[in-house]
Every structure is written in structure tokens, then in C-alpha cells.
$ cat structure_9.txt   # compact mmCIF, C-alpha atoms
# COMPACT_ATOMS: atom_id res chain seq x y z
CA MET A 1 0.00 0.00 0.00
CA SER A 2 1.40 3.41 -1.01
CA THR A 3 2.37 5.76 1.83
CA ASP A 4 3.41 8.65 -0.41
CA PRO A 5 2.02 11.86 1.18
CA PHE A 6 0.94 13.26 -2.19
CA TRP A 7 -1.22 10.26 -3.07
CA ALA A 8 -2.57 10.09 0.46
CA GLU A 9 -3.70 13.70 0.10
CA GLN A 10 -5.26 13.08 -3.29
CA ARG A 11 -7.10 10.02 -1.96
CA ALA A 12 -8.49 12.04 0.94
CA ILE A 13 -9.70 14.76 -1.43
CA GLY A 14 -11.30 12.26 -3.78
CA THR A 15 -13.00 10.06 -1.21
CA ASN A 16 -13.84 12.39 1.63
CA GLY A 17 -14.69 15.53 -0.30
CA ARG A 18 -18.13 16.21 -1.73
CA SER A 19 -18.78 15.51 -5.40
CA GLU A 20 -18.25 18.00 -8.20
CA HIS A 21 -21.20 16.54 -10.07
CA ALA A 22 -24.84 17.06 -9.12
CA GLY A 23 -27.48 14.44 -9.82
CA PRO A 24 -30.68 15.15 -11.79
CA THR A 25 -32.68 15.40 -8.53
CA ALA A 26 -30.18 17.68 -6.77
CA CYS A 27 -31.48 20.75 -4.98
CA GLY A 28 -31.09 24.21 -6.47
CA THR A 29 -28.24 25.11 -4.14
CA CYS A 30 -26.12 22.14 -5.17
CA GLN A 31 -26.90 22.61 -8.88
CA GLY A 32 -25.85 26.26 -8.56
CA ASN A 33 -22.64 25.27 -6.81
CA VAL A 34 -21.71 22.84 -9.60
CA GLN A 35 -22.47 25.42 -12.31
CA ALA A 36 -20.16 27.82 -10.48
CA GLY A 37 -17.37 25.21 -10.46
CA GLU A 38 -17.80 24.28 -6.78
CA ARG A 39 -18.76 21.05 -5.03
CA VAL A 40 -22.25 20.04 -3.95
CA GLU A 41 -23.29 21.00 -0.45
CA HIS A 42 -25.31 17.86 0.29
CA GLU A 43 -23.95 14.35 -0.24
CA GLU A 44 -27.41 13.09 -1.24
CA CYS A 45 -27.35 15.58 -4.15
CA SER A 46 -24.23 13.98 -5.66
CA GLN A 47 -24.46 12.24 -9.02
CA ARG A 48 -24.78 8.52 -8.38
CA ALA A 49 -24.73 5.41 -10.54
CA THR A 50 -27.93 4.70 -12.46
CA LEU A 51 -29.39 1.20 -12.36
CA LEU A 52 -32.14 0.52 -14.90
CA GLN A 53 -34.16 -2.58 -15.64
CA ALA A 54 -34.38 -3.86 -19.19
CA PRO A 55 -37.48 -2.52 -21.00
CA ASP A 56 -38.90 -6.05 -21.19
CA HIS A 57 -38.07 -7.01 -17.59
CA PRO A 58 -40.59 -9.66 -16.40
CA SER A 59 -43.26 -8.51 -13.98
CA TYR A 60 -43.63 -9.66 -10.38
CA GLU A 61 -46.70 -11.77 -11.26
CA LEU A 62 -44.80 -13.56 -14.04
CA LEU A 63 -41.78 -14.32 -11.85
CA ALA A 64 -43.93 -15.57 -8.96
CA GLY A 65 -45.33 -18.38 -11.07
CA PHE A 66 -41.96 -20.12 -11.55
CA SER A 67 -39.26 -21.64 -9.37
CA VAL A 68 -35.79 -20.24 -8.66
CA LYS A 69 -34.24 -22.77 -11.08
CA GLU A 70 -36.61 -21.72 -13.88
CA ASN A 71 -36.05 -18.00 -13.24
CA ALA A 72 -32.29 -18.55 -13.25
CA LYS A 73 -32.59 -19.56 -16.92
CA LEU A 74 -33.87 -16.12 -17.89
CA PRO A 75 -31.54 -13.97 -20.10
CA ALA A 76 -28.60 -12.34 -18.33
CA ARG A 77 -30.01 -8.82 -18.86
CA PHE A 78 -32.70 -9.55 -16.23
CA HIS A 79 -30.24 -10.63 -13.50
CA ILE A 80 -29.54 -7.17 -12.10
CA PRO A 81 -29.12 -6.27 -8.39
CA VAL A 82 -31.88 -4.83 -6.23
CA PHE A 83 -31.25 -3.58 -2.68
CA ASP A 84 -33.47 -5.04 0.02
CA ASP A 85 -33.64 -2.50 2.85
CA CYS A 86 -36.59 -4.24 4.53
CA GLY A 87 -35.05 -7.59 5.27
CA LYS A 88 -32.66 -8.36 8.14
CA PRO A 89 -29.88 -7.94 7.37
CA ASN A 90 -30.13 -5.56 4.38
CA ALA A 91 -28.68 -7.17 1.27
CA TRP A 92 -28.26 -6.96 -2.48
CA LEU A 93 -30.50 -9.56 -4.15
CA CYS A 94 -30.99 -10.75 -7.74
CA ALA A 95 -34.04 -9.16 -9.34
CA VAL A 96 -35.32 -12.45 -10.79
CA CYS A 97 -33.70 -15.35 -8.91
CA TRP A 98 -36.35 -15.86 -6.24
CA GLU A 99 -39.55 -17.68 -5.40
CA ASP A 100 -41.93 -17.64 -2.44
CA GLY A 101 -39.76 -17.75 0.68
CA VAL A 102 -36.47 -18.10 -1.21
CA VAL A 103 -34.15 -15.36 -2.52
CA SER A 104 -30.71 -15.33 -4.16
CA SER A 105 -28.02 -12.84 -3.29
CA TRP A 106 -26.41 -10.82 -6.04
CA PRO A 107 -24.37 -11.60 -7.99
CA CYS A 108 -26.33 -14.76 -8.60
CA LYS A 109 -24.96 -17.76 -10.48
CA THR A 110 -26.17 -16.44 -13.85
CA ALA A 111 -24.66 -13.00 -13.22
CA MET A 112 -21.33 -14.59 -12.28
CA GLU A 113 -21.26 -16.77 -15.40
CA GLN A 114 -22.45 -14.09 -17.84
CA GLY A 115 -21.27 -10.92 -16.14
CA THR A 116 -20.46 -9.00 -19.33
CA LYS A 117 -24.00 -9.60 -20.62
CA VAL A 118 -25.79 -8.21 -17.57
CA PHE A 119 -25.01 -4.50 -18.09
CA THR A 120 -24.19 -2.34 -21.09
CA PRO A 121 -21.19 0.00 -20.62
CA ALA A 122 -22.26 3.64 -20.83
CA HIS A 123 -19.88 4.50 -23.68
CA GLU A 124 -21.24 1.64 -25.81
CA ALA A 125 -24.84 2.62 -25.14
CA GLU A 126 -24.11 6.27 -25.95
CA THR A 127 -22.28 5.32 -29.16
CA ALA A 128 -25.18 3.13 -30.27
CA PHE A 129 -27.63 5.91 -29.44
CA ARG A 130 -25.68 8.46 -31.48
CA ARG A 131 -25.50 6.07 -34.43
CA GLN A 132 -29.22 5.44 -34.26
CA ALA A 133 -29.95 9.16 -34.03
CA ALA A 134 -27.72 9.86 -37.04
CA ARG A 135 -29.40 7.08 -39.03
CA ILE A 136 -32.86 8.39 -38.15
CA ALA A 137 -31.86 11.90 -39.25
CA GLU A 138 -30.49 10.52 -42.53
CA LEU A 139 -33.68 8.58 -43.26
CA GLU A 140 -35.88 11.56 -42.36
CA LYS A 141 -33.87 13.71 -44.78
CA GLN A 142 -34.35 11.15 -47.55
CA LEU A 143 -38.05 10.86 -46.76
CA ALA A 144 -38.49 14.64 -46.88
CA GLU A 145 -37.54 14.58 -50.56
CA TYR A 146 -40.56 12.39 -51.29
CA GLU A 147 -43.10 14.07 -49.02
CA VAL A 148 -44.14 16.45 -51.84
CA LEU A 149 -44.93 13.51 -54.12
CA ASN A 150 -48.22 11.65 -53.94
CA PRO A 151 -48.59 7.97 -54.83
CA GLN A 152 -50.75 7.06 -57.81
CA GLN A 153 -52.25 3.69 -58.67
CA CYS A 154 -53.32 2.12 -61.93
CA PRO A 155 -57.17 1.99 -61.92
CA ALA A 156 -57.03 -1.34 -63.72
CA GLY A 157 -54.49 -2.70 -61.24
CA GLN A 158 -52.24 -3.88 -64.08
CA HIS A 159 -49.23 -1.58 -63.63
CA ALA A 160 -46.88 -0.54 -60.85
CA ASP A 161 -47.60 2.48 -58.63
CA TRP A 162 -45.84 5.78 -59.34
CA LEU A 163 -45.39 9.21 -57.74
CA VAL A 164 -46.48 12.62 -59.01
CA ASP A 165 -45.80 16.11 -57.69
CA SER A 166 -49.49 16.95 -57.60
CA GLU A 167 -52.38 16.43 -55.23
CA TYR A 168 -54.70 15.44 -58.09
CA THR A 169 -55.32 11.97 -59.47
CA HIS A 170 -53.60 11.25 -62.79
CA ALA A 171 -54.45 8.72 -65.47
CA CYS A 172 -52.20 5.69 -65.68
CA PRO A 173 -49.50 6.54 -68.27
CA TRP A 174 -48.98 2.89 -69.22
CA CYS A 175 -52.71 2.40 -69.84
CA ARG A 176 -52.75 5.57 -71.96
CA ILE A 177 -49.79 4.37 -74.03
CA ALA A 178 -51.50 1.03 -74.67
CA GLU A 179 -54.71 2.85 -75.64
CA LEU A 180 -52.94 5.14 -78.12
CA GLU A 181 -50.96 2.27 -79.61
CA GLY A 182 -54.18 0.33 -80.12
CA GLN A 183 -55.81 3.31 -81.82
CA ALA A 184 -52.76 3.82 -84.03
CA ASP A 185 -52.69 0.15 -85.02
CA ALA A 186 -56.39 0.19 -85.84
CA ALA A 187 -56.05 3.38 -87.90
CA ALA A 188 -53.01 2.07 -89.74
CA LEU A 189 -54.78 -1.13 -90.77
CA THR A 190 -57.82 0.71 -92.10
CA PRO A 191 -57.83 1.25 -95.88
CA GLY A 192 -57.55 4.98 -96.58
CA ALA A 193 -55.41 5.69 -93.49
CA ILE A 194 -52.27 7.82 -93.84
CA GLU A 195 -48.85 6.27 -93.38
CA TYR A 196 -45.88 8.55 -92.75
CA GLY A 197 -42.25 8.05 -93.61
CA ILE A 198 -38.90 9.84 -93.78
CA ARG A 199 -36.50 9.99 -96.72
CA LEU A 200 -33.00 10.76 -95.53
CA ASN A 201 -31.43 10.99 -99.00
CA LEU A 202 -33.18 13.04 -101.71
CA ASP A 203 -31.95 10.64 -104.37
CA ALA A 204 -32.88 7.47 -102.45
CA PRO A 205 -35.47 5.12 -103.95
CA ASP A 206 -38.69 4.35 -102.09
CA ILE A 207 -37.16 1.15 -100.70
CA GLU A 208 -34.80 3.25 -98.56
CA VAL A 209 -37.59 5.32 -96.98
CA LEU A 210 -38.07 4.86 -93.22
CA HIS A 211 -41.68 3.72 -92.63
CA TYR A 212 -43.77 4.51 -89.54
CA LEU A 213 -47.06 2.75 -90.10
CA THR A 214 -48.47 3.06 -86.58
CA GLU A 215 -47.20 6.53 -85.61
CA SER A 216 -48.98 9.87 -85.83
CA ARG A 217 -47.71 12.77 -87.91
CA SER A 218 -46.54 14.71 -84.84
CA ALA A 219 -44.51 11.70 -83.66
CA VAL A 220 -42.87 11.28 -87.09
CA GLU A 221 -42.15 15.02 -87.27
CA GLY A 222 -40.30 14.65 -83.98
CA ARG A 223 -38.22 11.89 -85.52
CA LEU A 224 -37.62 14.05 -88.57
CA ALA A 225 -36.22 16.87 -86.44
CA ARG A 226 -33.74 14.46 -84.84
CA HIS A 227 -32.73 12.95 -88.20
CA ARG A 228 -32.03 16.40 -89.63
CA THR A 229 -29.11 16.74 -87.23
CA GLY A 230 -27.14 14.40 -89.49
CA HIS A 231 -29.30 14.69 -92.62
CA PRO A 232 -30.24 18.37 -93.20
CA ASN A 233 -32.22 17.52 -96.34
CA ALA A 234 -34.38 14.76 -94.81
CA GLN A 235 -38.01 14.93 -95.98
CA LEU A 236 -41.34 13.95 -94.45
CA LEU A 237 -43.40 11.66 -96.68
CA GLN A 238 -46.92 10.28 -96.54
CA ARG A 239 -49.06 7.83 -98.48
CA THR A 240 -52.52 6.33 -98.29
CA VAL A 241 -52.87 2.78 -97.06
CA HIS A 242 -54.68 0.42 -99.45
CA TYR A 243 -54.94 -3.31 -99.95
CA GLY A 244 -54.84 -5.38 -103.11
CA GLU A 245 -56.64 -8.64 -103.83
CA TRP A 246 -55.99 -11.75 -101.79
CA THR A 247 -53.74 -14.33 -103.39
CA GLU A 248 -52.99 -17.88 -102.37
CA VAL A 249 -49.66 -18.61 -100.70
CA ALA A 250 -47.91 -21.85 -101.56
CA SER A 251 -47.23 -24.00 -98.47
$ encode --input "structure_9.txt" --output "C-alpha cells"
Amino acid sequence: MSTDPFWAEQRAIGTNGRSEHAGPTACGTCQGNVQAGERVEHEECSQRATLLQAPDHPSYELLAGFSVKENAKLPARFHIPVFDDCGKPNAWLCAVCWEDGVVSSWPCKTAMEQGTKVFTPAHEAETAFRRQAARIAELEKQLAEYEVLNPQQCPAGQHADWLVDSEYTHACPWCRIAELEGQADAAALTPGAIEYGIRLNLDAPDIEVLHYLTESRSAVEGRLARHRTGHPNAQLLQRTVHYGEWTEVAS
């Protein structure tokens, strides 16, 4: 044991002096002292260790229905100490290792065997809490980007849901595309309908014309504008659809 006067003095200051940290239930005087850089005035106002039960700690009624051996098999996080100040003598007991007329002192057998699993070190709990808080903030930020968009569903239930930046209901775009394609196909197969095409080369024969049987004029004009980037002289063509007589096909 060290007899150095310096360490003896430091030990006396640390163990006999009042705390420099006030607990959450400290009186106003002690809280004011700590804020001013002084020590608490009352020992009962000092910051003490915090002992919490697990959120899913079994109730008294649940524990009373089983024996000490059965309760000893509960997870280590339940085997925390509780102070019995009513019994003689006062003692630290296990919170779950008991039955009617029988109690187990703490640390119980389970706490001794699985000591590191009984409590969570404060720094680990705080680190996990900070990580969870940061993750929640990140997800909330991502979610905020979609809060202005409203989900839409296909009335026919045939296509995937989608989002729109409007509070009004919109028609299903995939259903509309299918409807227009059907109309275009029907119109293209009707004798007398107009078929559009594009000639890229002014001297090209008809066989080299790009045909768009099922597309409207506005759609083909859009294609024409893109083709003119590389073919300035490209032309829009049209012709009337007609059918000749049926002929037999050799099998």
C-alpha cells in the first residue's frame, strides 16, 4: 500500500470531499454550486450510478409463477441487483432469482457466469444511441424529398404504382400508351389511313424510306427533327394505305 504523502492527500480529497457533479434530482443550491465550479453542499445531491431494468423485464406476477431454477434460466439482462432494505440484514438480491420464501443474493450464479451480458457499458450505449440518431436523421432527410410527391395507382391494377408532384389523381401513363398504340394500329390497318415516312437521302429510292405505319404525324415530325441533325435535307413523306386482292400462298 502506497504511503506517499501526495497520493494520500489526493485520496483524501477524492474520497472524503463532496462531489463536483450534481445528480438530476439535486437541490437548487447544489446545482448552482456545480455550475459555479464548486462542489455540492449535500452528499445526497451527488451524481450517483444509475441502475435501470431492461425494458422487457418480467413482472412480479410472471416471476412468482416459476421456481428459482426456472427464473435462473432467464436472459442475463434480467439478473440485475436490487437492494433489500426491509429484510434483516439488508442485502443486495438478484431481481429475478427468487420464489416464495427463497431469494438469491447478487451476484447470482447467472450474473457470475455471464457478467459482461448483464449490463451495457455507458460508452457503448451512448455510441449506439448516437449512431441510431444519425441514421434516423439521414432517413428523415431522404423521406423529406418524397413528401411532396403523392402515390398514384393504376385503376385497372395492371401496372406498378408511381409518384407525381401533384395532389390530383392522374391517369395511368402505361394504360394511356397502350390505348394510343391500339388506336394507331387500328387506324393504320384501315384502308384509306395515312402512313408517314422519312427519306433521308433526296436521291434514295422508295425502298430506302423509313416507314412509320403506326405513328402519328406529330410523332414522325419529332423523328424528322432528330434525323435532320445528321441529314439536313431529310423529308417527311406520306401515303394512303390500301390493300390489293388476296392471293394464295404456296405452303
$ atom_distance --input "structure_9.txt" --atom1 "CA of Asp85 in chain A" --atom2 "CA of Ser105 in chain A"
13.3 Å
$ atom_distance --input "structure_9.txt" --atom1 "CA of His79 in chain A" --atom2 "CA of Gly101 in chain A"
18.5 Å
$ closest_residue --input "structure_9.txt" --among "A:Glu44, A:Glu38, A:Asp161, A:Glu9" --to "Gly23 in chain A" --atoms "all atoms listed in the file"
A:Glu44
$ atom_distance --input "structure_9.txt" --atom1 "CA of Asp84 in chain A" --atom2 "CA of Pro121 in chain A"
24.5 Å
$ residues_near_point --input "structure_9.txt" --point "(-19.4, 17.7, -11.0)" --cutoff "12 Å" --atoms "only C-alpha atoms" --output "mmCIF file with C-alpha atoms, in the coordinates of the input"
data_model
loop_
_atom_site.group_PDB
_atom_site.id
_atom_site.type_symbol
_atom_site.label_atom_id
_atom_site.label_comp_id
_atom_site.auth_asym_id
_atom_site.auth_seq_id
_atom_site.Cartn_x
_atom_site.Cartn_y
_atom_site.Cartn_z
ATOM 1 C CA GLY A 17 -14.690 15.530 -0.300
ATOM 2 C CA ARG A 18 -18.130 16.210 -1.730
ATOM 3 C CA SER A 19 -18.780 15.510 -5.400
ATOM 4 C CA GLU A 20 -18.250 18.000 -8.200
ATOM 5 C CA HIS A 21 -21.200 16.540 -10.070
ATOM 6 C CA ALA A 22 -24.840 17.060 -9.120
ATOM 7 C CA GLY A 23 -27.480 14.440 -9.820
ATOM 8 C CA PRO A 24 -30.680 15.150 -11.790
ATOM 9 C CA ALA A 26 -30.180 17.680 -6.770
ATOM 10 C CA CYS A 30 -26.120 22.140 -5.170
ATOM 11 C CA GLN A 31 -26.900 22.610 -8.880
ATOM 12 C CA GLY A 32 -25.850 26.260 -8.560
ATOM 13 C CA ASN A 33 -22.640 25.270 -6.810
ATOM 14 C CA VAL A 34 -21.710 22.840 -9.600
ATOM 15 C CA GLN A 35 -22.470 25.420 -12.310
ATOM 16 C CA ALA A 36 -20.160 27.820 -10.480
ATOM 17 C CA GLY A 37 -17.370 25.210 -10.460
ATOM 18 C CA GLU A 38 -17.800 24.280 -6.780
ATOM 19 C CA ARG A 39 -18.760 21.050 -5.030
ATOM 20 C CA VAL A 40 -22.250 20.040 -3.950
ATOM 21 C CA GLU A 41 -23.290 21.000 -0.450
ATOM 22 C CA CYS A 45 -27.350 15.580 -4.150
ATOM 23 C CA SER A 46 -24.230 13.980 -5.660
ATOM 24 C CA GLN A 47 -24.460 12.240 -9.020
ATOM 25 C CA ARG A 48 -24.780 8.520 -8.380
#
